[in-house]
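I have placed the structure first, in the form of structure tokens, so that the comments after it can refer back to it.
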Amino acid sequence: MAAARAAKVSDEAVLASLGYKQEFKRAFRPFEVFGVAFSIIGLLPSIASVLSSSVSNGGAVSMVWGWAFASFFILFIGIALGELASSAPTSGGLYYLTYTLSSPRCRNVLCWIVGYASTIGTATSVASIDWGCAIQIAAAANIGTNGQLVMTNSQSYGIYAVIVLSQAVLCSLGTKVLARLSGVYILCNILLCIVVIIALPIATPREFKNPASYVFGNFTNSSGWPNVFAFILGLLAPNWTISGYDATIHISEESSNAATAAPWGMISAIAIAGVLGWVINVVLAFCMGPVVSNVLDSSVGQPLAQIFLSSFGQSWTLVLWSFIIIVQYMMGSSQLLVASRQSFAFARDGALPLSNLLYRMNRYTGTPVNTVWFDSLLALLVGLLALLGPTAVSAVFTIAVTATYVAYIAPIVARFAFQNNFKPGPFSVGRMGGPIAAVAVIYMLFMLIVLCFPTNPGPEATSMNYTSVVLGGVMVLAIAWYYFPVYGGVHWFQGPTFTVEKAVASSDLVGNDALN
């Protein structure tokens, strides 16, 4: 008990040294901090949501080697962000560090841009996860009715809306309840992966089993792009799946030993997801049959569901698919939790519309209920894009990656590009920090460009990739509001608005150095 109280005091002192008072209950233990990031990654449900991207852009090679390639570089991103998270464990850590590490000449506008990119990215991630969940439910209905029931986009949106609203109710609960649920999410996620890894090879009929030469060497390109570029486009699958790991930053004000738990939770989630996800993709490649078009063009409308149906039959597919839906629902609720904390932090600093209304802690639950419902509303609005068809859906998925990459790049670059007094926290890689950050930034910039390309060459209006238009449009609006005459943020936004004096008494903690 004494150790727990000391850790609580230390966490609160670190937060005070950053300029913020303690408003959340620190109910998330280190394992549960990892659990939030890992549950958002989701693995099997996430792989199901974007499997068509890798299958159509290289087949087995893209699934297996594309996953390994992307996982390697995503780990670099996690390490670079981990150092930042350890240095400033606050819910708005990405834009907070952008401000504190940047030049006074540009830090206000950079902080503003990163804050909005992070807010948009987390809210769009809720939309992409929950739309994937709605599609999984539609696939289950199709399987259960032997292909007779095919959901329209409007019907799928109705399912989507119910998912989002029910998650809003769940995320309005107290911090302690949400923390304990994180442990449940980890268990369900890992058990589901293990069951599929073991059961799928056993159940798959001989005619659908592929040899090792196919799994590790067959390249089937259905996209129309040249093979190399098709492989690169297929990286959307691992990049979208292994995302949301910055969740540990956004819940750091609710975490015990946050300066250590946030970076290690993030890096552990990425590493485990990388290894376990690779194994899952190898198993799927062994069991999906040699004809890729049978998986992509199935009437079920879901490649993984078709693989399961061919191997397990209708009844067992529905059983397993029900658990995939449940785990994907858990992913969405965890992401909504994280999005609400980002919005709360940004509203605390006065940057969001209606910040005075959003920056409120519910007296009964001790959680920011207003921002939970604010992000739910954003997710519902973003979800309306899905009514425009699969091209718009693809844009929602890619925005979830590209917007967060914008928010990741800025503080990482600011740390090394400007003169500042960056002080590493307990997690640090020392002199390797610079090279690791350089690799991470180069990879993210490369993927930002790639993810704006359409799925096939010579696109028409219905098959164009509108990621750059939608994300660019939103960011242009955010910047336009910043520079708007008289009322724009340039006239009043001064970066983080500190709720306590940053100077901490010597009897407490001064900076993060005392944690080392």
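Please note that chains go A, B, ... in the order of the structure tokens, that every chain numbers its residues from 1, and that ligands are numbered from 1 in the order shown.
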Point to revise | Residue set, segment 143-310 of chain A restricted to helix (DSSP H, G or I), as a PyMOL selection string | key: chain A and resi 143-144+153-171+175-203+206-208+212-217+227-233+236-241+247-250+252-254+258-287+292-296+303-310
Contact check, segment 157-250 of chain A to segment 266-274 of chain A, at most 7 Å, counting only C-alpha atoms, closest pairs as CSV:
```
residue,atom,partner,partner_atom,distance
A:Ile242,CA,A:Ile270,CA,6.5
A:Tyr245,CA,A:Met266,CA,5.4
A:Asp246,CA,A:Met266,CA,6.7
A:Thr248,CA,A:Met266,CA,6.1
```
Okay, now the selection with N, CA and C atoms, as a short mmCIF file (atom, residue, chain, number, x, y, z; two decimals), in the first residue's frame?
```
data_model
loop_
_atom_site.label_atom_id
_atom_site.label_comp_id
_atom_site.auth_asym_id
_atom_site.auth_seq_id
_atom_site.Cartn_x
_atom_site.Cartn_y
_atom_site.Cartn_z
N ILE A 242 -1.83 -2.71 -37.09
CA ILE A 242 -0.95 -2.35 -35.98
C ILE A 242 -0.93 -0.82 -35.87
N TYR A 245 -1.55 2.40 -31.21
CA TYR A 245 -0.70 2.11 -30.05
C TYR A 245 -0.37 3.36 -29.24
N ASP A 246 -0.60 4.55 -29.83
CA ASP A 246 -0.43 5.78 -29.05
C ASP A 246 -1.51 5.91 -27.97
N THR A 248 -1.62 4.42 -25.29
CA THR A 248 -0.97 4.45 -23.98
C THR A 248 -0.60 5.87 -23.57
#
```
Check your understanding: Counting only C-alpha atoms, what is within 8 Å of Arg360 of chain A, bar same-chain residues fewer than 4 positions away, as a PyMOL selection string?
Key -> chain A and resi 344+356+368-370
Save the residues we just selected, N, CA, C and O atoms, as a PDB file, in the first residue's frame?
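Resulting contents of part.pdb:
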```pdb
ATOM      1  N   PHE A 344     -10.519  15.485 -24.583  1.00  0.00           N
ATOM      2  CA  PHE A 344     -10.551  16.129 -23.267  1.00  0.00           C
ATOM      3  C   PHE A 344      -9.306  16.994 -23.075  1.00  0.00           C
ATOM      4  O   PHE A 344      -9.389  18.149 -22.627  1.00  0.00           O
ATOM      5  N   ASN A 356     -15.323  24.847 -23.400  1.00  0.00           N
ATOM      6  CA  ASN A 356     -15.844  25.030 -22.038  1.00  0.00           C
ATOM      7  C   ASN A 356     -16.835  23.939 -21.663  1.00  0.00           C
ATOM      8  O   ASN A 356     -16.928  23.539 -20.499  1.00  0.00           O
ATOM      9  N   PRO A 368     -14.551  11.928 -18.436  1.00  0.00           N
ATOM     10  CA  PRO A 368     -15.036  13.015 -19.296  1.00  0.00           C
ATOM     11  C   PRO A 368     -16.161  12.551 -20.223  1.00  0.00           C
ATOM     12  O   PRO A 368     -15.961  12.334 -21.430  1.00  0.00           O
ATOM     13  N   VAL A 369     -17.338  12.402 -19.679  1.00  0.00           N
ATOM     14  CA  VAL A 369     -18.482  11.864 -20.426  1.00  0.00           C
ATOM     15  C   VAL A 369     -18.805  12.740 -21.637  1.00  0.00           C
ATOM     16  O   VAL A 369     -19.167  12.232 -22.708  1.00  0.00           O
ATOM     17  N   ASN A 370     -18.667  14.049 -21.498  1.00  0.00           N
ATOM     18  CA  ASN A 370     -18.997  14.943 -22.612  1.00  0.00           C
ATOM     19  C   ASN A 370     -18.138  14.675 -23.837  1.00  0.00           C
ATOM     20  O   ASN A 370     -18.627  14.681 -24.971  1.00  0.00           O
TER      21      ASN A 370
END
```
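Nearest to Leu51 of chain A of all the residues A:Gly301, A:Met475, A:Gly144, A:Ile163 is A:Gly301, based on only C-alpha atoms.
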Review point. By how many Å are atom CA of Asp130 of chain A and atom CA of Gly332 of chain A apart?
Key: 5.7 Å
**Study point:** Non-local contacts of Ala203 of chain A (12 Å; only C-alpha atoms; under 5 positions in same chain excluded) as number ranges by chain
**Key:** A: 195-198, 208-209, 283, 286-288, 307-313, 316-317
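Interatomic distance, atom CA of Met151 of chain A to atom CA of Leu304 of chain A: 17.6 Å.
Proximity of A:Ala262, A:Val275, A:Ile159, A:Leu43 to Gly82 of chain A, computed with only C-alpha atoms, is greatest for A:Ala262.
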**Study point:** Close residues, segment 215-222 of chain A itself excluded, 7 Å, only C-alpha atoms, min 6 positions apart in chain, as a PyMOL selection string
**Key:** chain A and resi 56-61+64+230+282+285-286
Review point. So what do you get for atom CA of Arg29 of chain A versus atom CA of Ala259 of chain A, distance-wise?
Key: 12.2 Å
Review point. So which residues touch Ala141 of chain A within 12 Å, counting only C-alpha atoms, skipping near sequence neighbours fewer than 3 positions away, as a list of chain:residue names?
Key: A:Ala134, A:Ile135, A:Gln136, A:Ile137, A:Ala138, A:Gly144, A:Thr145, A:Asn146, A:Gly147, A:Gln148, A:Leu149, A:Val150, A:Met151, A:Gln155, A:Ser156, A:Ile159, A:Ser299, A:Val300, A:Gly301, A:Gln302, A:Ala305, A:Gln314, A:Thr317, A:Leu318, A:Trp321, A:Ser322, A:Ile325
Those selected residues, please, written with N, CA and C atoms and delivered as a tab-separated table (two decimals), in the first residue's frame.
```tsv
chain	number	residue	atom	x	y	z
A	134	ALA	N	-19.48	-3.55	-38.15
A	134	ALA	CA	-20.79	-3.64	-38.81
A	134	ALA	C	-20.74	-4.57	-40.01
A	135	ILE	N	-19.64	-4.51	-40.76
A	135	ILE	CA	-19.47	-5.39	-41.93
A	135	ILE	C	-19.34	-6.84	-41.49
A	136	GLN	N	-18.66	-7.07	-40.34
A	136	GLN	CA	-18.55	-8.44	-39.82
A	136	GLN	C	-19.94	-9.00	-39.48
A	137	ILE	N	-20.77	-8.15	-38.88
A	137	ILE	CA	-22.14	-8.57	-38.54
A	137	ILE	C	-22.93	-8.86	-39.82
A	138	ALA	N	-22.76	-8.01	-40.83
A	138	ALA	CA	-23.44	-8.24	-42.11
A	138	ALA	C	-22.99	-9.55	-42.75
A	144	GLY	N	-25.38	-16.93	-42.25
A	144	GLY	CA	-26.48	-17.59	-41.54
A	144	GLY	C	-27.71	-17.81	-42.38
A	145	THR	N	-27.88	-16.99	-43.44
A	145	THR	CA	-29.06	-17.14	-44.31
A	145	THR	C	-28.69	-17.79	-45.65
A	146	ASN	N	-27.50	-18.43	-45.69
A	146	ASN	CA	-27.03	-19.09	-46.92
A	146	ASN	C	-26.98	-18.13	-48.10
A	147	GLY	N	-26.55	-16.90	-47.82
A	147	GLY	CA	-26.37	-15.93	-48.88
A	147	GLY	C	-27.63	-15.18	-49.27
A	148	GLN	N	-28.74	-15.44	-48.59
A	148	GLN	CA	-30.00	-14.79	-48.96
A	148	GLN	C	-30.07	-13.33	-48.51
A	149	LEU	N	-29.45	-13.02	-47.38
A	149	LEU	CA	-29.51	-11.67	-46.85
A	149	LEU	C	-28.21	-10.93	-47.15
A	150	VAL	N	-28.33	-9.91	-47.97
A	150	VAL	CA	-27.18	-9.06	-48.30
A	150	VAL	C	-27.51	-7.64	-47.84
A	151	MET	N	-26.76	-7.17	-46.86
A	151	MET	CA	-27.04	-5.87	-46.26
A	151	MET	C	-26.72	-4.73	-47.24
A	155	GLN	N	-28.43	-0.16	-44.30
A	155	GLN	CA	-28.65	-1.10	-43.20
A	155	GLN	C	-27.38	-1.29	-42.37
A	156	SER	N	-26.26	-1.36	-43.07
A	156	SER	CA	-24.99	-1.49	-42.35
A	156	SER	C	-24.72	-0.25	-41.49
A	159	ILE	N	-26.60	-0.57	-38.25
A	159	ILE	CA	-25.87	-1.43	-37.31
A	159	ILE	C	-24.70	-0.65	-36.70
A	299	SER	N	-19.48	-14.24	-52.42
A	299	SER	CA	-20.76	-13.58	-52.14
A	299	SER	C	-20.89	-13.17	-50.68
A	300	VAL	N	-20.06	-13.77	-49.82
A	300	VAL	CA	-20.09	-13.41	-48.39
A	300	VAL	C	-19.64	-11.97	-48.21
A	301	GLY	N	-18.75	-11.49	-49.09
A	301	GLY	CA	-18.31	-10.11	-49.02
A	301	GLY	C	-17.21	-9.86	-48.00
A	302	GLN	N	-16.62	-10.94	-47.51
A	302	GLN	CA	-15.60	-10.82	-46.47
A	302	GLN	C	-14.60	-11.95	-46.66
A	305	ALA	N	-14.07	-14.39	-43.75
A	305	ALA	CA	-15.28	-15.18	-43.53
A	305	ALA	C	-15.39	-16.32	-44.55
A	314	GLN	N	-20.65	-23.92	-42.12
A	314	GLN	CA	-21.50	-22.80	-41.70
A	314	GLN	C	-21.58	-22.63	-40.19
A	317	THR	N	-18.26	-21.70	-38.42
A	317	THR	CA	-17.87	-20.36	-38.87
A	317	THR	C	-18.64	-19.29	-38.12
A	318	LEU	N	-19.94	-19.51	-37.94
A	318	LEU	CA	-20.77	-18.54	-37.22
A	318	LEU	C	-20.34	-18.41	-35.76
A	321	TRP	N	-17.03	-16.57	-35.86
A	321	TRP	CA	-17.27	-15.21	-36.33
A	321	TRP	C	-17.94	-14.36	-35.25
A	322	SER	N	-18.74	-14.97	-34.43
A	322	SER	CA	-19.37	-14.24	-33.32
A	322	SER	C	-18.32	-13.70	-32.37
A	325	ILE	N	-16.57	-10.73	-33.92
A	325	ILE	CA	-17.41	-9.54	-33.78
A	325	ILE	C	-17.28	-8.95	-32.37
```
Point to revise | Nearby residues (only C-alpha atoms) at most 9 Å from Ile120 of chain A, same-chain spacing under 2 positions excluded, as a count of residues only | key: 16
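Proximity of A:Tyr329, A:Phe31, A:Phe416, A:Tyr99 to Arg180 of chain A, computed with only C-alpha atoms, is greatest for A:Phe31.
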